[in-house]
Each structure stands twice: as C-alpha cells, then as structure tokens.
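File shown: work11.cif (mmCIF, C-alpha atoms).
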data_entry
#
loop_
_atom_site.label_atom_id
_atom_site.label_comp_id
_atom_site.auth_asym_id
_atom_site.auth_seq_id
_atom_site.Cartn_x
_atom_site.Cartn_y
_atom_site.Cartn_z
CA MET F 1 -45.77 -7.57 -67.04
CA GLY F 2 -46.05 -3.89 -67.71
CA ALA F 3 -49.10 -1.69 -67.65
CA GLY F 4 -51.94 -2.60 -69.93
CA GLY F 5 -50.70 -6.08 -70.85
CA VAL F 6 -54.14 -7.52 -71.42
CA GLY F 7 -54.29 -11.30 -71.61
CA LYS F 8 -50.53 -11.85 -71.25
CA ARG F 9 -50.13 -12.12 -67.50
CA ARG F 10 -49.76 -15.72 -66.43
CA ILE F 11 -50.34 -17.03 -62.94
CA PRO F 12 -47.27 -18.97 -61.66
CA GLY F 13 -47.16 -22.50 -62.96
CA GLY F 14 -48.47 -21.79 -66.45
CA GLY F 15 -51.11 -23.55 -68.56
CA LEU F 16 -51.39 -27.21 -67.66
CA THR F 17 -49.91 -26.81 -64.18
CA VAL F 18 -52.43 -24.10 -63.34
CA ALA F 19 -55.27 -26.21 -64.68
CA ALA F 20 -54.09 -29.21 -62.67
CA VAL F 21 -53.88 -27.23 -59.43
CA VAL F 22 -57.33 -25.72 -59.84
CA ALA F 23 -58.91 -28.98 -60.99
CA ALA F 24 -57.48 -30.91 -58.06
CA VAL F 25 -58.57 -28.36 -55.48
CA LEU F 26 -62.05 -27.97 -56.95
CA ALA F 27 -62.51 -31.72 -57.12
CA ALA F 28 -61.59 -31.98 -53.45
CA CYS F 29 -63.95 -29.13 -52.56
CA SER F 30 -66.85 -30.41 -54.66
CA GLY F 31 -68.55 -31.98 -51.68
CA TYR F 32 -68.87 -28.71 -49.84
CA GLY F 33 -71.69 -27.29 -51.92
CA GLY F 34 -72.21 -25.81 -55.35
CA THR F 35 -71.18 -22.42 -56.58
CA ARG F 36 -73.57 -19.51 -56.75
CA ASP F 37 -74.06 -17.07 -59.60
CA GLU F 38 -76.05 -14.66 -57.46
CA HIS F 39 -75.72 -13.91 -53.77
CA GLU F 40 -78.72 -14.00 -51.51
CA GLY F 41 -79.52 -10.99 -49.41
CA GLY F 42 -78.50 -10.75 -45.78
CA GLU F 43 -77.81 -8.41 -42.93
CA GLU F 44 -74.25 -7.59 -44.00
CA ALA F 45 -73.29 -3.92 -43.98
CA LYS F 46 -73.71 -2.27 -47.36
CA PRO F 47 -70.70 -0.51 -48.86
CA ALA F 48 -70.89 3.27 -49.01
CA ARG F 49 -70.46 3.27 -52.80
CA SER F 50 -71.95 1.16 -55.56
CA PRO F 51 -70.21 -2.22 -55.59
CA LEU F 52 -68.28 -3.47 -58.57
CA SER F 53 -69.86 -5.77 -61.10
CA VAL F 54 -68.22 -8.44 -63.20
CA GLY F 55 -69.03 -6.42 -66.30
CA ALA F 56 -67.41 -3.29 -64.86
CA LEU F 57 -64.30 -5.25 -63.96
CA ARG F 58 -64.09 -6.58 -67.52
CA LYS F 59 -63.99 -3.00 -68.80
CA LEU F 60 -61.26 -2.10 -66.32
CA ALA F 61 -59.23 -5.18 -67.30
CA ALA F 62 -59.53 -4.28 -70.98
CA GLU F 63 -58.09 -0.79 -70.45
CA PRO F 64 -56.18 -0.93 -67.14
CA GLY F 65 -54.12 2.22 -67.72
CA SER F 66 -50.97 3.16 -65.86
CA SER F 67 -52.48 3.45 -62.36
CA CYS F 68 -54.70 0.94 -60.60
CA PRO F 69 -58.15 1.24 -62.21
CA VAL F 70 -59.88 0.04 -59.04
CA PRO F 71 -59.67 3.08 -56.74
CA TYR F 72 -57.64 1.55 -53.93
CA ASP F 73 -55.91 3.94 -51.52
CA VAL F 74 -53.16 1.70 -50.21
CA PRO F 75 -51.49 4.26 -47.89
CA ALA F 76 -54.86 5.03 -46.24
CA ALA F 77 -55.64 1.31 -45.89
CA LEU F 78 -52.26 0.70 -44.27
CA ARG F 79 -52.70 3.59 -41.85
CA ALA F 80 -56.14 2.35 -40.86
CA ALA F 81 -54.61 -1.09 -40.27
CA GLY F 82 -52.03 0.42 -37.93
CA ALA F 83 -49.15 -0.56 -40.21
CA GLU F 84 -46.17 1.79 -40.27
CA VAL F 85 -44.25 0.78 -43.37
CA GLY F 86 -42.77 4.05 -44.61
CA ARG F 87 -43.10 5.04 -48.23
CA VAL F 88 -45.69 3.43 -50.53
CA GLU F 89 -45.02 3.43 -54.27
CA SER F 90 -47.31 2.19 -57.02
CA GLY F 91 -45.92 -0.16 -59.64
CA SER F 92 -47.18 -2.38 -62.43
CA VAL F 93 -50.80 -2.53 -63.51
CA ASP F 94 -52.08 -5.57 -65.40
CA GLY F 95 -55.38 -6.51 -66.94
CA GLU F 96 -56.33 -9.99 -68.08
CA LEU F 97 -59.36 -11.20 -70.00
CA PRO F 98 -60.16 -14.70 -71.26
CA ASP F 99 -58.34 -15.75 -74.43
CA ASP F 100 -58.52 -18.83 -76.62
CA LEU F 101 -56.55 -20.98 -74.17
CA ASP F 102 -58.23 -23.43 -71.82
CA THR F 103 -57.45 -21.49 -68.63
CA PRO F 104 -59.36 -21.13 -65.34
CA LEU F 105 -60.12 -17.50 -66.25
CA ALA F 106 -61.58 -18.53 -69.62
CA ARG F 107 -63.64 -21.37 -68.16
CA ALA F 108 -65.08 -19.03 -65.54
CA ASP F 109 -65.71 -16.25 -68.09
CA GLY F 110 -63.79 -13.91 -65.82
CA ALA F 111 -61.62 -10.83 -65.68
CA LEU F 112 -58.61 -9.92 -63.57
CA VAL F 113 -56.94 -6.66 -62.58
CA GLY F 114 -53.58 -6.85 -60.83
CA CYS F 115 -51.96 -3.81 -59.19
CA GLY F 116 -48.45 -3.85 -57.75
CA TYR F 117 -47.00 -1.67 -54.99
CA ARG F 118 -43.82 -1.25 -53.01
CA VAL F 119 -44.77 -1.03 -49.35
CA GLY F 120 -41.71 0.07 -47.45
CA ALA F 121 -39.13 -2.63 -48.16
CA GLU F 122 -41.69 -5.18 -49.31
CA ARG F 123 -43.73 -5.88 -52.39
CA ALA F 124 -47.52 -5.95 -52.28
CA ARG F 125 -49.93 -7.07 -54.97
CA LEU F 126 -53.68 -6.57 -55.18
CA PHE F 127 -55.63 -8.91 -57.43
CA THR F 128 -59.27 -8.04 -58.12
CA VAL F 129 -60.96 -10.89 -59.94
CA GLY F 130 -64.52 -11.40 -61.15
CA VAL F 131 -66.17 -14.42 -62.75
CA ALA F 132 -69.54 -15.10 -64.31
CA ARG F 133 -69.39 -18.76 -63.25
CA GLY F 134 -68.13 -20.32 -60.04
CA TYR F 135 -66.02 -18.64 -57.37
CA ALA F 136 -63.63 -15.83 -58.22
CA VAL F 137 -60.98 -17.00 -55.74
CA ASP F 138 -60.59 -20.28 -57.69
CA VAL F 139 -58.92 -18.40 -60.53
CA MET F 140 -56.31 -17.23 -58.03
CA LEU F 141 -55.54 -20.56 -56.35
CA PRO F 142 -52.23 -21.13 -58.19
CA GLN F 143 -51.13 -17.57 -57.32
CA ILE F 144 -52.17 -18.06 -53.69
CA GLN F 145 -50.33 -21.38 -53.52
CA HIS F 146 -47.20 -19.81 -55.00
CA ASP F 147 -47.16 -16.66 -52.86
CA ALA F 148 -48.19 -18.33 -49.60
CA ARG F 149 -45.97 -21.40 -50.15
CA MET F 150 -48.94 -23.66 -49.43
CA GLY F 151 -49.20 -27.39 -49.93
CA ARG F 152 -52.09 -28.95 -51.81
CA GLY F 153 -54.00 -29.94 -48.67
CA ALA F 154 -53.68 -26.51 -47.08
CA LEU F 155 -54.75 -24.89 -50.34
CA ARG F 156 -57.83 -27.12 -50.53
CA ARG F 157 -58.85 -26.19 -46.98
CA TYR F 158 -58.25 -22.52 -47.66
CA ALA F 159 -60.38 -22.62 -50.83
CA GLN F 160 -63.17 -24.29 -48.88
CA GLU F 161 -63.12 -21.54 -46.25
CA VAL F 162 -63.30 -18.81 -48.89
CA HIS F 163 -66.15 -20.59 -50.67
CA GLU F 164 -68.13 -20.76 -47.43
CA ALA F 165 -67.62 -17.08 -46.62
CA GLU F 166 -70.23 -14.54 -47.68
CA PRO F 167 -69.45 -11.40 -49.69
CA GLY F 168 -68.44 -8.71 -47.20
CA ASP F 169 -67.26 -11.16 -44.52
CA ALA F 170 -63.87 -10.69 -42.89
CA PRO F 171 -60.86 -11.63 -45.03
CA LEU F 172 -59.37 -15.08 -44.68
CA VAL F 173 -55.62 -15.08 -44.12
CA ALA F 174 -53.54 -17.98 -45.43
CA PRO F 175 -51.59 -20.04 -42.85
CA GLY F 176 -48.31 -18.25 -43.53
CA GLY F 177 -49.88 -14.86 -42.82
CA ASN F 178 -48.80 -13.05 -45.99
CA VAL F 179 -51.83 -13.70 -48.24
CA ALA F 180 -55.47 -12.83 -47.62
CA ALA F 181 -58.62 -13.19 -49.70
CA VAL F 182 -62.08 -11.73 -49.30
CA ARG F 183 -65.26 -12.07 -51.35
CA LEU F 184 -66.58 -8.69 -52.46
CA PRO F 185 -70.18 -7.54 -52.73
CA THR F 186 -71.13 -7.56 -56.40
CA ALA F 187 -73.70 -5.67 -58.43
CA GLY F 188 -75.58 -8.30 -60.38
CA GLY F 189 -74.62 -11.94 -60.86
CA GLY F 190 -71.29 -13.65 -60.70
CA ASP F 191 -68.65 -13.51 -57.99
CA LEU F 192 -65.90 -11.04 -57.10
CA ALA F 193 -62.88 -11.40 -54.84
CA LEU F 194 -59.87 -9.42 -53.71
CA VAL F 195 -56.62 -11.28 -53.05
CA VAL F 196 -53.79 -9.39 -51.34
CA THR F 197 -50.24 -10.71 -51.09
CA VAL F 198 -47.47 -8.97 -49.17
CA GLY F 199 -43.76 -9.74 -48.92
CA ASP F 200 -41.65 -12.35 -50.64
CA ASP F 201 -40.84 -16.05 -50.20
CA GLY F 202 -44.02 -16.62 -48.21
CA ARG F 203 -43.13 -14.11 -45.50
CA THR F 204 -44.01 -10.54 -44.56
CA ARG F 205 -43.06 -8.16 -41.79
CA LEU F 206 -46.72 -7.39 -41.20
CA SER F 207 -48.61 -9.39 -38.60
CA ARG F 208 -51.55 -11.60 -39.60
CA HIS F 209 -53.87 -9.10 -37.94
CA ARG F 210 -52.52 -6.23 -40.03
CA VAL F 211 -52.64 -8.21 -43.26
CA SER F 212 -56.29 -8.99 -42.49
CA ALA F 213 -57.07 -5.39 -41.58
CA LEU F 214 -55.30 -4.09 -44.70
CA THR F 215 -57.33 -6.43 -46.90
CA GLN F 216 -60.56 -5.49 -45.14
CA ASN F 217 -59.85 -1.78 -45.60
CA LEU F 218 -59.07 -2.27 -49.29
CA ALA F 219 -62.26 -4.32 -49.76
CA HIS F 220 -64.26 -1.39 -48.38
CA GLN F 221 -62.66 0.84 -51.03
CA ALA F 222 -63.54 -1.40 -53.99
CA HIS F 223 -66.29 0.22 -56.01
CA ARG F 224 -67.20 1.39 -59.48
#
Rewritten as structure tokens:
Amino acid sequence: MGAGGVGKRRIPGGGLTVAAVVAAVLAACSGYGGTRDEHEGGEEAKPARSPLSVGALRKLAAEPGSSCPVPYDVPAALRAAGAEVGRVESGSVDGELPDDLDTPLARADGALVGCGYRVGAERARLFTVGVARGYAVDVMLPQIQHDARMGRGALRRYAQEVHEAEPGDAPLVAPGGNVAAVRLPTAGGGDLALVVTVGDDGRTRLSRHRVSALTQNLAHQAHR
C-alpha cells in the first residue's frame, strides 16, 4: 500500500484468518496472566526523549505522510548494530486505524504505523503499533507468523515471551532470526510495541544478534 493509505493495509491472511490466528494464540496464552493497561514502574533505563503514547501514535497513523512519521534513523541503527549492508532506501509508509470491521486492531482500539525500507539487497519493515487494550504485539501476530514462517505452536510460545517482557527489555527474536519484537515504554496507559522484519521468505543475511541489536537501536529512537 502506498503512503498515507489509512485503514486499507491488511495483515497477511485477511479478516477471518487473522481473527482466527489471534484468537487461537490468545486462547492458548490466556493462562499466562492478564494484560495490563498501565505499566508499573521499575529500574529500567529511561529513554532520552519523551516516549510515545498510544494517542500520539493514532495521530501519526491518521496522517503518516511520505516519510516514516516515527523518527527512526535506520542507517544509524544498522551501523550501531555492526551491520554493513550498503545503501539504505526508504519506501512505503502506511497508517492504519480501527474501522468498522471486527479486526484485532479494532478490538484493541489500536493504531499502526508501518515503514518500509530497502536495506542493501533485502527488504526491511518497521511496524510501530499501540493499543488501548491488551498487548500491542497481538495485533501483529499474523504478520509475524507470515514473515517468520512460524507454526502455530511456535507463534504461541513467542507471543507468551513478548507478553512476559517488560517495556524497554531486550528484543525477542523469532526462531528463524529474521523477525524481532520489543515492547516500548509508553507515556500513559495502553501498550506499544515495535516489530522489525528483515529479508524475504523467512530468511535474512543478518545474524540473529544483529537483528536484535538493530531492533534495540530502533526502539531507543522511538519517541514523540
């Protein structure tokens, strides 16, 4: 989808398939503890800038523009991760808000900003998602399953690990090594997450360590 296509981007699988994937995974994870609308304080390092809020992300998703509205510096994040990939080019920018359909994003009262890049010979996508209810990563489970080529059981375990992580913890890399997710510190209630996918067909030339480091560096850049 091109820049500014609010509400039209569809996670792989479409309507009922997406709902079935999310419902099945959440049902399997339901015994691991409830979701949280606000995050308790801790000793985690505070970001240098004001963290995003779900409300701020909604505004960015409504008017995404032609360049990524979340100020990610992908070349700098790659350099800091020790990844030499050559040229980095920005691509599509998408914003999605809840519509009248019964989708995971609508049920979570969320917002999504997707930013595409060409990283050397590979494609990279950055999904910043925020929800007022539940866990932000749950909205992205069908995308994660598609991009990481994960089975249902592996996806359930991965979702559980992300749920149990605290905002600001290290990213969690999917088994195939090409997808990583991290919960972001949030201003106010709700939950925010960054999901990074690199490569195609479930593979990337980057090592798991560099995918993790890239995602961590990008998470540090996420702010209002």
Practice item. May I ask for the distance between CA of Leu194 (chain F) and CA of Ala136 (chain F), given in Å to one decimal place? Key: 8.7 Å
Review point. Applied to the shown file, which residues does the PyMOL selection byres ((chain F and resi 69) around 10) return, written as a ChimeraX atom specification?
Key: /F:57,59-61,63-68,70-72,93-95,113-115,224
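Shortest separation to Ala106 (chain F) among F:Val211, F:Val198, F:Val139, F:Ala80 occurs at residue F:Val139, atoms counted being all atoms listed in the file.
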Translate the PyMOL selection byres ((chain F and resi 201) around 12) into a concrete residue list for this structure, as an mmCIF file with C-alpha atoms, keeping the file's coordinate frame.
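Result file is expr00.cif:
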data_model
loop_
_atom_site.group_PDB
_atom_site.id
_atom_site.type_symbol
_atom_site.label_atom_id
_atom_site.label_comp_id
_atom_site.auth_asym_id
_atom_site.auth_seq_id
_atom_site.Cartn_x
_atom_site.Cartn_y
_atom_site.Cartn_z
ATOM 1 C CA GLU F 122 -41.690 -5.180 -49.310
ATOM 2 C CA ARG F 123 -43.730 -5.880 -52.390
ATOM 3 C CA GLN F 145 -50.330 -21.380 -53.520
ATOM 4 C CA HIS F 146 -47.200 -19.810 -55.000
ATOM 5 C CA ASP F 147 -47.160 -16.660 -52.860
ATOM 6 C CA ALA F 148 -48.190 -18.330 -49.600
ATOM 7 C CA ARG F 149 -45.970 -21.400 -50.150
ATOM 8 C CA MET F 150 -48.940 -23.660 -49.430
ATOM 9 C CA GLY F 176 -48.310 -18.250 -43.530
ATOM 10 C CA GLY F 177 -49.880 -14.860 -42.820
ATOM 11 C CA ASN F 178 -48.800 -13.050 -45.990
ATOM 12 C CA VAL F 179 -51.830 -13.700 -48.240
ATOM 13 C CA THR F 197 -50.240 -10.710 -51.090
ATOM 14 C CA VAL F 198 -47.470 -8.970 -49.170
ATOM 15 C CA GLY F 199 -43.760 -9.740 -48.920
ATOM 16 C CA ASP F 200 -41.650 -12.350 -50.640
ATOM 17 C CA GLY F 202 -44.020 -16.620 -48.210
ATOM 18 C CA ARG F 203 -43.130 -14.110 -45.500
ATOM 19 C CA THR F 204 -44.010 -10.540 -44.560
ATOM 20 C CA ARG F 205 -43.060 -8.160 -41.790
#
Exercise for review: Counting all atoms listed in the file, write as a list in words all protein and nucleic acid residues lying at most 8 Å from (-63.6, -9.7, -47.3) in the file's frame.
Suggested key: Pro167, Gly168, Asp169, Ala170, Pro171, Leu172, Ala181, Val182, Arg183, Leu184, Ala193, Leu194, Thr215, Gln216 and Ala219 of chain F
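Taking CA of Ala81 (chain F) as the reference point, CA of Asp138 (chain F) is found at 26.6 Å.
The closest residue to Asp73 (chain F), picked from F:Glu166, F:Glu89, F:Asp109, F:Asp191 and counting all atoms listed in the file, is F:Glu89.
Of the listed residues (F:Ser212, F:Asp100, F:Arg133, F:Val88), F:Val88 comes nearest to Ala121 (chain F); the distances count all atoms listed in the file.
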